[in-house]
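Okay, work.cif is below, mmCIF, C-alpha atoms, pLDDT in the B column; chains and numbers go by the auth columns:
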```cif
data_run
loop_
_atom_site.group_PDB
_atom_site.id
_atom_site.type_symbol
_atom_site.label_atom_id
_atom_site.label_comp_id
_atom_site.label_asym_id
_atom_site.label_seq_id
_atom_site.Cartn_x
_atom_site.Cartn_y
_atom_site.Cartn_z
_atom_site.B_iso_or_equiv
_atom_site.auth_seq_id
_atom_site.auth_asym_id
ATOM 1 C CA MET A 1 145.747 165.681 148.476 34.00 211 R
ATOM 2 C CA ALA A 2 145.799 166.326 144.726 36.00 212 R
ATOM 3 C CA VAL A 3 149.160 166.414 142.986 32.00 213 R
ATOM 4 C CA PHE A 4 149.751 168.978 140.242 31.00 214 R
ATOM 5 C CA VAL A 5 152.373 168.714 137.516 34.00 215 R
ATOM 6 C CA GLN A 6 152.793 171.366 134.837 35.00 216 R
ATOM 7 C CA PRO A 7 154.267 170.057 131.576 35.00 217 R
ATOM 8 C CA GLN A 8 154.462 172.144 128.433 33.00 218 R
ATOM 9 C CA VAL A 9 151.220 170.823 126.953 38.00 219 R
ATOM 10 C CA GLY A 10 149.005 171.455 129.966 38.00 220 R
ATOM 11 C CA ILE A 11 148.367 170.657 133.583 36.00 221 R
ATOM 12 C CA VAL A 12 148.024 167.116 134.872 39.00 222 R
ATOM 13 C CA LEU A 13 145.910 166.475 137.929 37.00 223 R
ATOM 14 C CA ASN A 14 145.964 163.152 139.729 37.00 224 R
ATOM 15 C CA PRO A 15 142.921 163.449 142.004 34.00 225 R
ATOM 16 C CA PHE A 16 142.537 161.666 145.337 33.00 226 R
ATOM 17 C CA VAL A 17 139.573 159.363 144.794 34.00 227 R
ATOM 18 C CA GLU A 18 136.905 158.950 147.444 35.00 228 R
ATOM 19 C CA ARG A 19 134.615 156.023 146.746 37.00 229 R
ATOM 20 C CA ASP A 20 131.575 157.076 148.792 39.00 230 R
ATOM 21 C CA ARG A 21 128.551 158.334 146.873 45.00 231 R
ATOM 22 C CA ILE A 22 127.900 162.051 146.595 46.00 232 R
ATOM 23 C CA SER A 23 124.483 163.389 147.560 49.00 233 R
ATOM 24 C CA PRO A 24 122.108 164.850 144.907 57.00 234 R
ATOM 25 C CA ARG A 25 122.311 168.177 146.759 60.00 235 R
ATOM 26 C CA TRP A 26 126.090 168.272 146.358 58.00 236 R
ATOM 27 C CA SER A 27 125.781 167.405 142.693 76.00 237 R
ATOM 28 C CA GLY A 28 123.367 170.340 142.274 85.00 238 R
ATOM 29 C CA GLU A 29 125.842 172.626 144.000 90.00 239 R
ATOM 30 C CA LEU A 30 128.584 171.390 141.677 93.00 240 R
ATOM 31 C CA LEU A 31 126.449 172.267 138.639 94.00 241 R
ATOM 32 C CA ASP A 32 125.898 175.756 140.060 93.00 242 R
ATOM 33 C CA ARG A 33 129.661 176.146 140.477 94.00 243 R
ATOM 34 C CA LEU A 34 130.240 174.952 136.922 95.00 244 R
ATOM 35 C CA GLY A 35 127.936 177.662 135.595 93.00 245 R
ATOM 36 C CA ARG A 36 125.200 178.011 133.044 94.00 246 R
ATOM 37 C CA PRO A 37 125.371 176.441 129.578 95.00 247 R
ATOM 38 C CA SER A 38 126.527 178.536 126.651 96.00 248 R
ATOM 39 C CA ARG A 39 126.044 178.349 122.901 95.00 249 R
ATOM 40 C CA ILE A 40 129.238 178.651 120.905 93.00 250 R
ATOM 41 C CA PHE A 41 130.243 179.934 117.513 92.00 251 R
ATOM 42 C CA VAL A 42 133.287 178.694 115.591 87.00 252 R
ATOM 43 C CA ARG A 43 134.206 180.595 112.443 84.00 253 R
ATOM 44 C CA ARG A 44 134.470 178.762 109.113 73.00 254 R
ATOM 45 C CA ARG A 45 133.105 175.516 110.566 72.00 255 R
ATOM 46 C CA GLY A 46 129.524 175.759 109.332 67.00 256 R
ATOM 47 C CA PHE A 47 130.160 172.812 107.034 66.00 257 R
ATOM 48 C CA GLU A 48 129.901 170.499 110.045 76.00 258 R
ATOM 49 C CA ARG A 49 126.155 171.062 110.348 75.00 259 R
ATOM 50 C CA PRO A 50 123.651 169.640 110.979 81.00 260 R
ATOM 51 C CA TYR A 51 124.450 168.472 114.488 89.00 261 R
ATOM 52 C CA ILE A 52 122.802 165.152 115.319 91.00 262 R
ATOM 53 C CA SER A 53 122.928 163.129 118.524 95.00 263 R
ATOM 54 C CA PRO A 54 124.469 159.730 117.674 95.00 264 R
ATOM 55 C CA PRO A 55 122.964 156.307 118.472 95.00 265 R
ATOM 56 C CA THR A 56 126.162 155.465 120.368 97.00 266 R
ATOM 57 C CA VAL A 57 125.644 158.132 123.055 97.00 267 R
ATOM 58 C CA GLN A 58 125.507 157.174 126.715 97.00 268 R
ATOM 59 C CA ILE A 59 123.728 159.523 129.114 97.00 269 R
ATOM 60 C CA ILE A 60 125.420 159.460 132.499 97.00 270 R
ATOM 61 C CA ARG A 61 123.544 160.686 135.557 94.00 271 R
ATOM 62 C CA GLN A 62 122.938 159.647 139.154 90.00 272 R
ATOM 63 C CA GLY A 63 121.757 156.049 139.128 90.00 273 R
ATOM 64 C CA ALA A 64 123.182 155.524 135.631 95.00 274 R
ATOM 65 C CA PRO A 65 126.990 155.618 136.073 97.00 275 R
ATOM 66 C CA LEU A 66 129.611 155.163 133.386 98.00 276 R
ATOM 67 C CA GLU A 67 131.025 151.641 133.356 98.00 277 R
ATOM 68 C CA VAL A 68 134.641 152.618 132.793 98.00 278 R
ATOM 69 C CA SER A 69 135.856 149.000 132.762 96.00 279 R
ATOM 70 C CA MET A 70 133.584 148.289 129.765 97.00 280 R
ATOM 71 C CA LEU A 71 134.992 151.065 127.549 98.00 281 R
ATOM 72 C CA ASP A 72 136.989 150.056 124.475 97.00 282 R
ATOM 73 C CA LEU A 73 140.616 151.057 125.062 97.00 283 R
ATOM 74 C CA SER A 74 141.203 151.349 121.318 96.00 284 R
ATOM 75 C CA LEU A 75 138.814 154.326 121.078 97.00 285 R
ATOM 76 C CA THR A 76 138.768 157.984 122.014 98.00 286 R
ATOM 77 C CA PHE A 77 135.479 159.219 123.475 98.00 287 R
ATOM 78 C CA LEU A 78 134.001 162.705 123.449 98.00 288 R
ATOM 79 C CA TRP A 79 132.162 163.838 126.576 98.00 289 R
ATOM 80 C CA LEU A 80 130.043 166.856 127.376 97.00 290 R
ATOM 81 C CA ILE A 81 127.882 168.169 130.211 97.00 291 R
ATOM 82 C CA ASP A 82 124.703 169.328 128.511 95.00 292 R
ATOM 83 C CA ALA A 83 122.260 172.108 129.279 91.00 293 R
ATOM 84 C CA ARG A 84 120.287 169.806 131.594 91.00 294 R
ATOM 85 C CA GLY A 85 123.340 168.799 133.604 93.00 295 R
ATOM 86 C CA ASP A 86 123.612 165.261 132.217 95.00 296 R
ATOM 87 C CA ILE A 87 126.966 163.901 131.069 97.00 297 R
ATOM 88 C CA ARG A 88 126.885 162.647 127.475 97.00 298 R
ATOM 89 C CA ILE A 89 129.646 160.447 126.097 98.00 299 R
ATOM 90 C CA ALA A 90 130.152 158.641 122.785 98.00 300 R
ATOM 91 C CA PRO A 91 133.029 157.306 120.643 97.00 301 R
ATOM 92 C CA GLU A 92 134.620 159.915 118.396 96.00 302 R
ATOM 93 C CA GLN A 93 134.577 157.391 115.536 94.00 303 R
ATOM 94 C CA ASP A 94 132.066 154.640 114.765 95.00 304 R
ATOM 95 C CA PRO A 95 130.981 152.856 111.544 93.00 305 R
ATOM 96 C CA SER A 96 127.428 154.156 111.994 91.00 306 R
ATOM 97 C CA TYR A 97 128.648 157.739 111.574 91.00 307 R
ATOM 98 C CA ALA A 98 129.300 157.329 107.833 87.00 308 R
ATOM 99 C CA SER A 99 125.601 157.704 107.058 87.00 309 R
ATOM 100 C CA LEU A 100 124.856 160.016 109.975 87.00 310 R
ATOM 101 C CA TYR A 101 127.562 162.568 109.182 83.00 311 R
ATOM 102 C CA PRO A 102 128.107 162.359 105.375 72.00 312 R
ATOM 103 C CA ARG A 103 130.531 164.384 103.293 65.00 313 R
ATOM 104 C CA ARG A 104 128.287 167.275 102.272 58.00 314 R
ATOM 105 C CA VAL A 105 129.711 170.093 100.140 51.00 315 R
ATOM 106 C CA TYR A 106 129.247 173.638 101.486 52.00 316 R
ATOM 107 C CA PRO A 107 130.738 176.959 100.303 52.00 317 R
ATOM 108 C CA GLU A 108 133.075 176.971 103.332 52.00 318 R
ATOM 109 C CA GLY A 109 134.109 173.343 103.262 53.00 319 R
ATOM 110 C CA ARG A 110 133.368 169.732 102.428 55.00 320 R
ATOM 111 C CA GLY A 111 131.550 168.490 105.472 56.00 321 R
ATOM 112 C CA ARG A 112 133.237 165.994 107.754 64.00 322 R
ATOM 113 C CA PRO A 113 135.797 164.087 105.707 65.00 323 R
ATOM 114 C CA ASP A 114 136.333 161.572 108.516 73.00 324 R
ATOM 115 C CA HIS A 115 132.615 161.358 109.466 81.00 325 R
ATOM 116 C CA GLY A 116 133.742 162.158 113.012 88.00 326 R
ATOM 117 C CA LEU A 117 131.554 163.023 115.983 94.00 327 R
ATOM 118 C CA LYS A 118 131.599 166.623 117.259 94.00 328 R
ATOM 119 C CA HIS A 119 130.827 167.880 120.737 96.00 329 R
ATOM 120 C CA ALA A 120 127.908 169.833 119.275 94.00 330 R
ATOM 121 C CA ASP A 121 126.331 166.511 118.236 94.00 331 R
ATOM 122 C CA LEU A 122 126.272 165.495 121.895 97.00 332 R
ATOM 123 C CA ALA A 123 124.819 168.871 122.899 95.00 333 R
ATOM 124 C CA ALA A 124 122.111 168.581 120.236 93.00 334 R
ATOM 125 C CA GLY A 125 120.680 165.578 122.062 89.00 335 R
ATOM 126 C CA ALA A 126 119.603 167.840 124.936 88.00 336 R
ATOM 127 C CA SER A 127 118.800 171.161 123.262 83.00 337 R
ATOM 128 C CA TYR A 128 118.883 172.374 119.645 83.00 338 R
ATOM 129 C CA ASP A 129 116.268 175.090 119.245 81.00 339 R
ATOM 130 C CA ARG A 130 115.235 176.999 116.142 82.00 340 R
ATOM 131 C CA VAL A 131 117.106 180.180 117.107 79.00 341 R
ATOM 132 C CA THR A 132 120.350 178.232 117.552 84.00 342 R
ATOM 133 C CA ARG A 133 119.899 176.690 114.104 81.00 343 R
ATOM 134 C CA LEU A 134 119.010 179.968 112.374 81.00 344 R
ATOM 135 C CA LEU A 135 122.003 181.774 113.864 84.00 345 R
ATOM 136 C CA ARG A 136 124.286 178.881 112.885 85.00 346 R
ATOM 137 C CA LEU A 137 125.418 178.395 116.455 91.00 347 R
ATOM 138 C CA ARG A 138 126.324 175.182 118.227 92.00 348 R
ATOM 139 C CA PRO A 139 123.779 173.983 120.810 94.00 349 R
ATOM 140 C CA PRO A 140 124.309 175.059 124.428 95.00 350 R
ATOM 141 C CA ALA A 141 126.429 173.024 126.840 96.00 351 R
ATOM 142 C CA ARG A 142 128.425 173.655 130.009 97.00 352 R
ATOM 143 C CA ILE A 143 131.794 172.021 129.312 98.00 353 R
ATOM 144 C CA GLY A 144 133.213 169.228 127.159 98.00 354 R
ATOM 145 C CA GLY A 145 136.354 167.310 126.359 98.00 355 R
ATOM 146 C CA GLU A 146 137.827 163.925 125.549 98.00 356 R
ATOM 147 C CA LEU A 147 138.233 160.668 127.411 98.00 357 R
ATOM 148 C CA ARG A 148 141.359 159.111 125.935 98.00 358 R
ATOM 149 C CA PRO A 149 143.199 155.863 126.735 98.00 359 R
ATOM 150 C CA GLU A 150 146.442 156.532 128.599 98.00 360 R
ATOM 151 C CA ILE A 151 149.631 155.486 126.800 96.00 361 R
ATOM 152 C CA ASP A 152 152.961 155.032 128.577 96.00 362 R
ATOM 153 C CA SER A 153 156.404 156.172 127.417 95.00 363 R
ATOM 154 C CA ASP A 154 156.806 152.947 125.421 96.00 364 R
ATOM 155 C CA GLY A 155 153.595 153.581 123.496 95.00 365 R
ATOM 156 C CA LEU A 156 151.661 150.882 125.342 97.00 366 R
ATOM 157 C CA LEU A 157 148.178 151.144 126.809 97.00 367 R
ATOM 158 C CA THR A 158 148.184 151.381 130.606 97.00 368 R
ATOM 159 C CA GLY A 159 144.528 150.403 131.066 97.00 369 R
ATOM 160 C CA ARG A 160 143.795 153.854 132.488 98.00 370 R
ATOM 161 C CA TRP A 161 142.008 156.859 130.986 98.00 371 R
ATOM 162 C CA ILE A 162 142.718 160.583 130.648 98.00 372 R
ATOM 163 C CA LEU A 163 139.834 163.049 130.982 98.00 373 R
ATOM 164 C CA ASN A 164 140.651 166.390 129.371 98.00 374 R
ATOM 165 C CA ASN A 165 138.938 169.640 128.342 97.00 375 R
ATOM 166 C CA ASN A 166 139.885 169.631 124.654 96.00 376 R
ATOM 167 C CA SER A 167 136.767 171.240 123.159 96.00 377 R
ATOM 168 C CA ALA A 168 135.641 174.541 121.658 94.00 378 R
ATOM 169 C CA TYR A 169 132.995 174.585 124.402 97.00 379 R
ATOM 170 C CA ASN A 170 135.732 175.673 126.811 97.00 380 R
ATOM 171 C CA ALA A 171 137.317 178.583 124.944 95.00 381 R
ATOM 172 C CA ARG A 172 136.569 182.224 125.676 95.00 382 R
ATOM 173 C CA LYS A 173 136.814 183.104 121.988 95.00 383 R
ATOM 174 C CA THR A 174 134.068 180.652 120.966 95.00 384 R
ATOM 175 C CA ARG A 175 131.670 180.687 123.952 96.00 385 R
ATOM 176 C CA LEU A 176 128.980 183.375 123.693 96.00 386 R
ATOM 177 C CA ASP A 177 129.263 184.010 127.461 96.00 387 R
ATOM 178 C CA CYS A 178 133.014 184.640 126.976 95.00 388 R
ATOM 179 C CA LYS A 179 133.960 182.288 129.832 95.00 389 R
ATOM 180 C CA SER A 180 137.080 180.158 129.826 95.00 390 R
ATOM 181 C CA MET A 181 136.587 176.631 131.189 96.00 391 R
ATOM 182 C CA GLY A 182 139.917 175.504 132.573 95.00 392 R
ATOM 183 C CA GLN A 183 141.386 173.514 135.432 95.00 393 R
ATOM 184 C CA LYS A 184 138.794 174.465 138.073 96.00 394 R
ATOM 185 C CA GLU A 185 135.841 173.683 135.818 97.00 395 R
ATOM 186 C CA LEU A 186 137.319 170.383 134.638 97.00 396 R
ATOM 187 C CA ARG A 187 137.815 169.355 138.252 97.00 397 R
ATOM 188 C CA ILE A 188 134.123 170.106 138.891 97.00 398 R
ATOM 189 C CA ALA A 189 133.180 168.021 135.841 97.00 399 R
ATOM 190 C CA PHE A 190 135.254 165.164 137.235 97.00 400 R
ATOM 191 C CA GLU A 191 133.458 165.465 140.586 96.00 401 R
ATOM 192 C CA LEU A 192 130.093 165.435 138.777 96.00 402 R
ATOM 193 C CA LEU A 193 131.103 162.233 137.003 97.00 403 R
ATOM 194 C CA ARG A 194 132.016 160.719 140.350 95.00 404 R
ATOM 195 C CA ALA A 195 128.692 161.898 141.772 94.00 405 R
ATOM 196 C CA THR A 196 126.860 159.615 139.340 95.00 406 R
ATOM 197 C CA GLY A 197 128.405 156.598 141.078 95.00 407 R
ATOM 198 C CA THR A 198 131.069 156.130 138.409 97.00 408 R
ATOM 199 C CA ASP A 199 134.273 154.472 139.634 97.00 409 R
ATOM 200 C CA THR A 200 136.852 157.090 138.648 97.00 410 R
ATOM 201 C CA SER A 201 139.875 155.331 140.143 97.00 411 R
ATOM 202 C CA ASP A 202 141.277 154.627 136.658 98.00 412 R
ATOM 203 C CA ILE A 203 140.776 158.173 135.361 98.00 413 R
ATOM 204 C CA THR A 204 143.402 160.924 135.483 97.00 414 R
ATOM 205 C CA VAL A 205 142.432 164.527 134.746 97.00 415 R
ATOM 206 C CA HIS A 206 144.537 166.529 132.288 96.00 416 R
ATOM 207 C CA THR A 207 143.802 170.219 131.760 94.00 417 R
ATOM 208 C CA PHE A 208 144.596 172.097 128.575 88.00 418 R
ATOM 209 C CA ARG A 209 144.688 175.872 128.803 79.00 419 R
ATOM 210 C CA PRO A 210 141.660 177.047 126.781 70.00 420 R
ATOM 211 C CA ASP A 211 142.446 179.366 123.856 68.00 421 R
#
```

Show me this structure written as structure tokens.
Amino acid sequence: MAVFVQPQVGIVLNPFVERDRISPRWSGELLDRLGRPSRIFVRRRGFERPYISPPTVQIIRQGAPLEVSMLDLSLTFLWLIDARGDIRIAPEQDPSYASLYPRRVYPEGRGRPDHGLKHADLAAGASYDRVTRLLRLRPPARIGGELRPEIDSDGLLTGRWILNNNSAYNARKTRLDCKSMGQKELRIAFELLRATGTDTSDITVHTFRPD
């Protein structure tokens, strides 16, 4: 049985982990429950464009699971379930991003000062059509968040990971379908990750309340 704790910053879910594989049919049903992808619009963030899928991206699907034990515990990763239903994950920071996401100057800002990856870059790897570009929207996706190393009360790494829903792709005020992707949807995303054959025993799910 799942255990729920409600701290001030969000909701922590420690899921009971079943190790048996999930059938493709169930994974399709999970996608249906998660809902259709949505484009998003974030005001005064046009300076982040263009959105480009990074060379560091891993595409996680059935038969191609995420090797959690191989992830670098010094990094934070961004993840996203794209329009096709694949899970895309990549480090938020990487030396290769300096040339990929340069500091361009726009009327509304100065590009990405830290050359950091955005969830829209992951979404662009699956779908980034002309209409989306012309309307200055972010490419469609279903849900996104972070995969962060867990740190204990002494500030030390525990060797475990926290999967959260910290992304503009989850907020009612930025999604064009006006949906809010919260605890239920993050749990479905976690189940979809498990359905790929990924060993999720070292992952805890932490839900932020979408804005």

Result set of the PyMOL selection byres ((chain R and resi 291) around 8) on the coordinates above, as a ChimeraX atom specification: /R:289-290,292-298,333,351-354,399

Residues returned when the PyMOL selection byres ((chain R and resi 387) around 10) runs on this file, as a PyMOL selection string: chain R and resi 246-250+382-386+388-390

Counting only C-alpha atoms, the option among R:Gly355, R:Gly369, R:Pro349, R:Pro420 closest to R:Phe251: R:Pro349

Selection result for the PyMOL selection byres ((chain R and resi 409) around 12) on this file, as number ranges by chain: R: 227-231, 274-280, 370-371, 400-408, 410-414

Atom-to-atom span, atom CA of R:Thr286 and atom CA of R:Glu302, Å: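 Interatomic distance, atom CA of R:Thr286 to atom CA of R:Glu302: 5.8 Å.
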
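The smallest atom-to-atom distance between R:Leu244 and any of R:Leu396, R:Val415, R:Phe287, R:Asn374, using only C-alpha atoms, is found for R:Leu396.
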
Pick from R:Ala330, R:Leu241, R:Leu285, R:Leu345, whichever lies nearest to R:Pro264 using only C-alpha atoms: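 Selected residue with least distance to R:Pro264: R:Ala330.
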
Polymer residues at most 9 Å from R:Ser306, only C-alpha atoms, same-chain spacing of 2 or more positions, as a PyMOL selection string: chain R and resi 264-266+303-304+308-311

Coordinates-based distance that separates atom CA of R:Pro260 from atom CA of R:Arg340 (Å, one decimal): 12.3 Å

For atom CA of R:Arg254 and atom CA of R:Lys328, the interatomic separation in Å (one decimal): 14.9 Å

Residue with smallest distance to R:Ile299 - pool R:Ile398, R:Ile372, R:Val267, R:Leu347, counting only C-alpha atoms: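 Smallest separation from R:Ile299 among the options: R:Val267.
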